[in-house]
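Asks: The structure follows.
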Amino acid sequence: MRADIIRRIINTLIVITIATVIFLNAHVVFADGFTFVHISDSHIGASQTEDKLKAVLADIKSPDVAPDFIIHTGDVTEFGAIDELTTYNTIVQSAGIPVYSAIGNHETRWCNSGKKDFERLVGPRFRSFMYKGVLFVILDTSMFAEQYGHLSADQLTWLGQTLDSLPENQPVILALHHPVLGETRYVDNDLQLLQVIGEHNVSIILCGHGHRNAHWCVNGLHLFMTLATMGDAPGYRILKIEDGAASIFNRDVTNKSHEFECKIPLRREQQPRGQIRYPASGQQLNADFEVALTLSQPFKFELLVDTLQFRDSLSATGSYRQSIDFGRIVPGFHQIRLRRLAENCSWLESTPIQLTQSGTNLQLIYESAAGIQSAPLVNGEAIFIGDLNGDVTALNSTSGERLWRINVGDAVVTSPALSGGAVFITTTGGKCLAFDKNDGRIQWSRQAGEAIFSSPEVGNGSLYFGSGDSCLYALDTKTGEILWRFPTQGLIKCKPAYEAEKVVFGSWDRYFYAVSASDGALIWKVKITDNRYFPAATSNPLIKNGCVFVASHDHVVHCFDLATGANRWRHAKQDDQLPGYSSPAWYENCIILGSLSGHLFALDANSGLTKWAIQINREDPIFDSSPVIWNDKALIGSVGGIITALDLKQVRKSWSFKAGDGYIFASPAVDGNAAVFANMNGKVLVTRAR
């Protein structure tokens, strides 16, 4: 009898334990409530930002806020310099409150070490931590030497594995710098982020970058941008977590008061949605087509191909079909997007498709696992690329077959160079390596300063490139021996140009230089600007007919005498002529450049006067991608992912092709009858002359 009672008690305890485990896995459970604060964009290093951040932190410590911790969504500094990062650390540590910081574009756009100083001094570029029943995930949307946002393949894989390992309904809050899933495109692969999040219980995403308060909702995800601490009216958000919800308040630092904004359940809300039944994912289409939808209940929606609208604010339910006019869309890789329109929260479904068209013979031959940020190299039947995973890959230019692949341990954001039988690559780890072009064997490896964002130039048996230590290097192409270094006072990002035993280049120290190719002795230097933001430091210089042509970040095109550095002419910016990142190309005594306005334009090489300007893609900037001349055409890529060929004889668009959602920062590469393109989705495409 006694044993039977004990057995029944044990069985009851087991049932209670199992029920408790099931309950804990299916419901939001908090040990107790807590408060945290969301701040952003302190920009330490810019004027008066230290005092403003101190004032914000002092306000955060007031009794009516007093959070458990702070999340900072990036741009903690202005230039990512060590002294700025150190000052930021000193200020936030003095507050006595834990601070978790995301990395922003200002930490990486000008930083000599890439992302390593941030990781060493502030923290990992992506990570997670659990606090009282809520998982917080901090992501990295920054790019090396760019202002735009991109989520690297390695962290998307890590995020997917992290979310998949969680119990059902585990509440998750994400934090990152660039806004995602909004009306303005800041991150090229945010749809991949949405796919990774899937049905996981992510209810809130915090971001910065915009220096303002904003709140939008997509697929049950509530996204919040907050004010900058550096602003004239600094503020931040307070999030109070209790009873399975986040109560969100906007804090006014000047008036030391806050107002209630909204209350967001930590159990992600499910929304009415639609489904794209046709076309199927990845389907190829070559004529006008219909999109077939299934709508779960009546709601207003819009139908888009990428950002081009085909149906606005139609209310429907059940099955629906919409004709798509092929003529309104350029060939290539697109996303059909079905967006439910609602005041409180939109819902987005997307399906990738490929549109093909006769006359455009671009072929996708390879997809890298990571983004390709700089131009490939094509040499006969071989293509060489470097990617953000640190893979250096050789491909057959016709079939896309991988000939060899070597991982160099750090991201590659520069273009390969070729001399003799060797291919040369520089890395964000500060290395320059030589590979046998046939089998990928490493012939030599040389550490050369800090992170390298400068593509190497070959000339007279030497290899020239800039490094994060602010020096221009010359290496022997056969041995990798450092022949000389020329010091400047700023990061050197551009690819140097070599001719007539001179090497010319710009630095972020505001100067443009010419040095001796044999020993690195200074021949001349010219001050481009007094403004730290506007040097000729990104545009690769072009040498032609005894002149040096280069663009500066204030959208001015300069022409210098190669021998003396004397100014030949200076072309000021115009609304349709905004260069500065795109590099010049030469065609029939003209300089061809890309513009942030989406134009290509030509300047007379002798006078600097405008010959013509033509918009090739409306509202689609041309950033780092530069024109390359091939068979009387200028080839170029855009931030929106569109490759364009401009007929230079008739000055009209010959063809365009959408390479996908990924940004195109890489310039085209040409050799003989082949032209090669690459983008931040890792796509490698080839077209051949007919």
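Simple scheme: letters A, B, ... for chains in structure tokens order, numbers from 1 for residues in each chain, numbers from 1 for ligands in the order shown.
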Using only C-alpha atoms, which protein or nucleic acid residues come within 7 Å of A:Ser42? Drop anything in the same chain fewer than 3 positions from it, and give the result as a PyMOL selection string.
Replies: chain A and resi 49+53+75-77+228-230
Asks: Using 6 Å as the limit and counting only C-alpha atoms, can you tabulate each residue of stretch 53-78 of chain A that touches stretch 91-111 of chain A, with its shortest atom-to-atom distance in Å and the two atoms involved, as a tab-separated table?
Replies:
```
residue	atom	partner	partner_atom	distance
A:Phe69	CA	A:Pro98	CA	4.9
A:Ile70	CA	A:Val99	CA	4.7
A:Ile71	CA	A:Tyr100	CA	4.9
A:His72	CA	A:Ser101	CA	4.6
A:Thr73	CA	A:Ala102	CA	4.9
A:Gly74	CA	A:Gly104	CA	4.3
A:Asp75	CA	A:Gly104	CA	4.4
A:Glu78	CA	A:His106	CA	5.5
```
Asks: For stretch 323-334 of chain A, find every residue with an atom within 7 Å (counting only C-alpha atoms), except residues of its own chain fewer than 3 positions away, and show them as a ChimeraX atom specification.
Replies: /A:287-291,305-306,352-357,656-660
Asks: What residues in stretch 118-201 of chain A get the DSSP label alpha helix (DSSP H)? Please answer as a ChimeraX atom specification.
Replies: /A:118-121,153-164,190-197
Asks: Go ahead and save the picked residues with N, CA and C atoms, as a compact mmCIF listing (two decimals), in the first residue's frame.
Replies:
```txt
# COMPACT_ATOMS: atom_id res chain seq x y z
N PHE A 118 37.18 47.65 -33.92
CA PHE A 118 35.88 47.60 -33.22
C PHE A 118 35.76 46.31 -32.42
N GLU A 119 36.09 45.18 -33.05
CA GLU A 119 35.98 43.90 -32.35
C GLU A 119 36.91 43.83 -31.14
N ARG A 120 38.09 44.41 -31.28
CA ARG A 120 39.07 44.37 -30.19
C ARG A 120 38.70 45.29 -29.04
N LEU A 121 38.15 46.47 -29.37
CA LEU A 121 37.93 47.49 -28.34
C LEU A 121 36.48 47.55 -27.85
N ALA A 153 27.16 36.42 -45.37
CA ALA A 153 26.65 35.05 -45.43
C ALA A 153 26.92 34.29 -44.14
N ASP A 154 28.10 34.53 -43.54
CA ASP A 154 28.43 33.77 -42.32
C ASP A 154 27.51 34.11 -41.17
N GLN A 155 27.12 35.38 -41.03
CA GLN A 155 26.25 35.70 -39.90
C GLN A 155 24.80 35.31 -40.17
N LEU A 156 24.36 35.32 -41.43
CA LEU A 156 23.01 34.82 -41.72
C LEU A 156 22.91 33.34 -41.41
N THR A 157 23.97 32.59 -41.71
CA THR A 157 24.01 31.16 -41.35
C THR A 157 23.98 31.01 -39.83
N TRP A 158 24.79 31.80 -39.14
CA TRP A 158 24.81 31.76 -37.66
C TRP A 158 23.45 32.13 -37.09
N LEU A 159 22.82 33.17 -37.62
CA LEU A 159 21.51 33.58 -37.12
C LEU A 159 20.49 32.48 -37.32
N GLY A 160 20.48 31.86 -38.50
CA GLY A 160 19.54 30.77 -38.74
C GLY A 160 19.73 29.63 -37.76
N GLN A 161 20.98 29.26 -37.51
CA GLN A 161 21.25 28.18 -36.56
C GLN A 161 20.84 28.56 -35.14
N THR A 162 21.07 29.82 -34.79
CA THR A 162 20.69 30.29 -33.45
C THR A 162 19.18 30.23 -33.26
N LEU A 163 18.43 30.74 -34.24
CA LEU A 163 16.97 30.75 -34.12
C LEU A 163 16.40 29.34 -34.15
N ASP A 164 16.98 28.48 -34.99
CA ASP A 164 16.47 27.10 -35.09
C ASP A 164 16.69 26.32 -33.80
N ASP A 190 18.07 42.31 -47.32
CA ASP A 190 17.18 42.21 -46.17
C ASP A 190 16.07 41.18 -46.38
N LEU A 191 15.74 40.84 -47.63
CA LEU A 191 14.77 39.76 -47.85
C LEU A 191 15.33 38.42 -47.39
N GLN A 192 16.64 38.24 -47.46
CA GLN A 192 17.26 37.02 -46.92
C GLN A 192 17.12 36.99 -45.40
N LEU A 193 17.25 38.15 -44.77
CA LEU A 193 17.03 38.23 -43.32
C LEU A 193 15.60 37.83 -42.99
N LEU A 194 14.65 38.34 -43.75
CA LEU A 194 13.24 38.00 -43.51
C LEU A 194 13.02 36.50 -43.66
N GLN A 195 13.69 35.90 -44.65
CA GLN A 195 13.55 34.47 -44.85
C GLN A 195 14.15 33.68 -43.69
N VAL A 196 15.29 34.11 -43.18
CA VAL A 196 15.92 33.42 -42.05
C VAL A 196 15.05 33.54 -40.80
N ILE A 197 14.47 34.72 -40.58
CA ILE A 197 13.58 34.89 -39.41
C ILE A 197 12.38 33.97 -39.54
```
Asks: Taking the DSSP secondary structure from the backbone, can you list the residues of stretch 32-98 of chain A that are strand (DSSP E or B), as a list in words?
Replies: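 The strand (DSSP E or B) residues within stretch 32-98 of chain A come out as Phe34, Thr35, Phe36, Val37, His38, Ile39, Ile44, Ala46, Phe69, Ile70, Ile71, His72 and Thr77 of chain A.
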Asks: Hey, what's within 10 Å of A:Asp671 if we count only C-alpha atoms and toss same-chain stuff fewer than 4 positions away? As a list in words, please?
Replies: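 Listed by chain and then number, they are Leu377, Val378, Asn379, Gly380, Glu381, Ile383, Trp630, Ala675, Val676 and Arg688 of chain A.
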Asks: Counting only C-alpha atoms, which residue out of A:Ile622, A:Ile616, A:Cys494, A:Met225 sits closest to A:Ser595?
Replies: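 Of A:Ile622, A:Ile616, A:Cys494, A:Met225, the one nearest A:Ser595, counting only C-alpha atoms, is A:Ile622.
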Asks: Could you pull the residues within 6 Å of A:Phe549, counting only C-alpha atoms, minus those fewer than 6 positions along the same chain, as number ranges by chain?
Replies: A: 541-542, 558-559
Asks: Please produce a file of the residues just selected, as a short mmCIF file (atom, residue, chain, number, x, y, z; two decimals), in the first residue's frame, where the atoms kept are C-alpha atoms.
Replies:
```
data_model
loop_
_atom_site.label_atom_id
_atom_site.label_comp_id
_atom_site.auth_asym_id
_atom_site.auth_seq_id
_atom_site.Cartn_x
_atom_site.Cartn_y
_atom_site.Cartn_z
CA PRO A 541 43.24 57.63 -61.13
CA LEU A 542 43.65 57.31 -64.90
CA HIS A 558 40.63 66.99 -61.69
CA CYS A 559 43.20 66.90 -64.47
#
```
Asks: Tell me, as an NGL selection string, which residues lie within 10 Å of A:Val412, counting only C-alpha atoms; anything in the same chain fewer than 6 positions away does not count.
Replies: :A and (144 or 371-374 or 385-392 or 425-429 or 451-453 or 455)
Asks: Quick one: write out the picked residues with N, CA and C atoms as a PDB file, in the first residue's frame?
Replies:
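Once written, part29.pdb looks like this:
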```
ATOM      1  N   PHE A 144      32.871  46.828 -45.597  1.00  0.00           N
ATOM      2  CA  PHE A 144      34.206  47.407 -45.645  1.00  0.00           C
ATOM      3  C   PHE A 144      34.216  48.588 -46.617  1.00  0.00           C
ATOM      4  N   GLY A 371      29.414  37.699 -50.823  1.00  0.00           N
ATOM      5  CA  GLY A 371      29.376  38.827 -51.729  1.00  0.00           C
ATOM      6  C   GLY A 371      30.714  39.103 -52.391  1.00  0.00           C
ATOM      7  N   ILE A 372      30.636  39.638 -53.614  1.00  0.00           N
ATOM      8  CA  ILE A 372      31.828  40.046 -54.362  1.00  0.00           C
ATOM      9  C   ILE A 372      31.768  41.564 -54.479  1.00  0.00           C
ATOM     10  N   GLN A 373      32.715  42.247 -53.851  1.00  0.00           N
ATOM     11  CA  GLN A 373      32.647  43.693 -53.699  1.00  0.00           C
ATOM     12  C   GLN A 373      33.477  44.440 -54.737  1.00  0.00           C
ATOM     13  N   SER A 374      34.415  43.753 -55.384  1.00  0.00           N
ATOM     14  CA  SER A 374      35.292  44.438 -56.333  1.00  0.00           C
ATOM     15  C   SER A 374      35.401  43.634 -57.617  1.00  0.00           C
ATOM     16  N   ILE A 385      38.280  35.684 -58.946  1.00  0.00           N
ATOM     17  CA  ILE A 385      37.474  36.531 -58.060  1.00  0.00           C
ATOM     18  C   ILE A 385      37.910  36.326 -56.612  1.00  0.00           C
ATOM     19  N   GLY A 386      37.672  37.361 -55.799  1.00  0.00           N
ATOM     20  CA  GLY A 386      37.813  37.244 -54.351  1.00  0.00           C
ATOM     21  C   GLY A 386      36.504  37.643 -53.706  1.00  0.00           C
ATOM     22  N   ASP A 387      36.146  37.038 -52.558  1.00  0.00           N
ATOM     23  CA  ASP A 387      34.859  37.353 -51.951  1.00  0.00           C
ATOM     24  C   ASP A 387      34.991  37.639 -50.457  1.00  0.00           C
ATOM     25  N   LEU A 388      33.860  37.978 -49.833  1.00  0.00           N
ATOM     26  CA  LEU A 388      33.856  38.390 -48.431  1.00  0.00           C
ATOM     27  C   LEU A 388      34.135  37.242 -47.470  1.00  0.00           C
ATOM     28  N   ASN A 389      34.000  36.002 -47.921  1.00  0.00           N
ATOM     29  CA  ASN A 389      34.373  34.858 -47.084  1.00  0.00           C
ATOM     30  C   ASN A 389      35.874  34.613 -47.097  1.00  0.00           C
ATOM     31  N   GLY A 390      36.606  35.345 -47.956  1.00  0.00           N
ATOM     32  CA  GLY A 390      38.043  35.133 -48.064  1.00  0.00           C
ATOM     33  C   GLY A 390      38.417  34.073 -49.078  1.00  0.00           C
ATOM     34  N   ASP A 391      37.467  33.660 -49.921  1.00  0.00           N
ATOM     35  CA  ASP A 391      37.767  32.686 -50.966  1.00  0.00           C
ATOM     36  C   ASP A 391      38.303  33.390 -52.208  1.00  0.00           C
ATOM     37  N   VAL A 392      39.423  32.913 -52.716  1.00  0.00           N
ATOM     38  CA  VAL A 392      39.949  33.326 -54.014  1.00  0.00           C
ATOM     39  C   VAL A 392      39.696  32.160 -54.956  1.00  0.00           C
ATOM     40  N   ILE A 425      46.535  39.025 -54.938  1.00  0.00           N
ATOM     41  CA  ILE A 425      45.340  39.402 -54.177  1.00  0.00           C
ATOM     42  C   ILE A 425      45.787  40.113 -52.904  1.00  0.00           C
ATOM     43  N   THR A 426      45.049  41.152 -52.506  1.00  0.00           N
ATOM     44  CA  THR A 426      45.260  41.786 -51.197  1.00  0.00           C
ATOM     45  C   THR A 426      44.034  41.526 -50.324  1.00  0.00           C
ATOM     46  N   THR A 427      44.201  41.519 -48.998  1.00  0.00           N
ATOM     47  CA  THR A 427      43.128  41.112 -48.084  1.00  0.00           C
ATOM     48  C   THR A 427      42.910  42.136 -46.971  1.00  0.00           C
ATOM     49  N   THR A 428      41.753  42.036 -46.332  1.00  0.00           N
ATOM     50  CA  THR A 428      41.462  42.900 -45.182  1.00  0.00           C
ATOM     51  C   THR A 428      42.276  42.515 -43.954  1.00  0.00           C
ATOM     52  N   GLY A 429      43.005  41.424 -44.032  1.00  0.00           N
ATOM     53  CA  GLY A 429      43.932  41.064 -42.964  1.00  0.00           C
ATOM     54  C   GLY A 429      45.302  41.686 -43.152  1.00  0.00           C
ATOM     55  N   ALA A 451      44.530  46.494 -42.722  1.00  0.00           N
ATOM     56  CA  ALA A 451      43.562  46.070 -43.732  1.00  0.00           C
ATOM     57  C   ALA A 451      43.857  46.751 -45.062  1.00  0.00           C
ATOM     58  N   ILE A 452      43.738  45.990 -46.140  1.00  0.00           N
ATOM     59  CA  ILE A 452      44.019  46.524 -47.475  1.00  0.00           C
ATOM     60  C   ILE A 452      42.719  46.585 -48.269  1.00  0.00           C
ATOM     61  N   PHE A 453      42.359  47.806 -48.687  1.00  0.00           N
ATOM     62  CA  PHE A 453      41.188  48.044 -49.531  1.00  0.00           C
ATOM     63  C   PHE A 453      41.596  48.530 -50.918  1.00  0.00           C
ATOM     64  N   SER A 455      43.254  47.860 -54.555  1.00  0.00           N
ATOM     65  CA  SER A 455      43.592  46.808 -55.514  1.00  0.00           C
ATOM     66  C   SER A 455      45.001  47.038 -56.041  1.00  0.00           C
TER      67      SER A 455
END
```
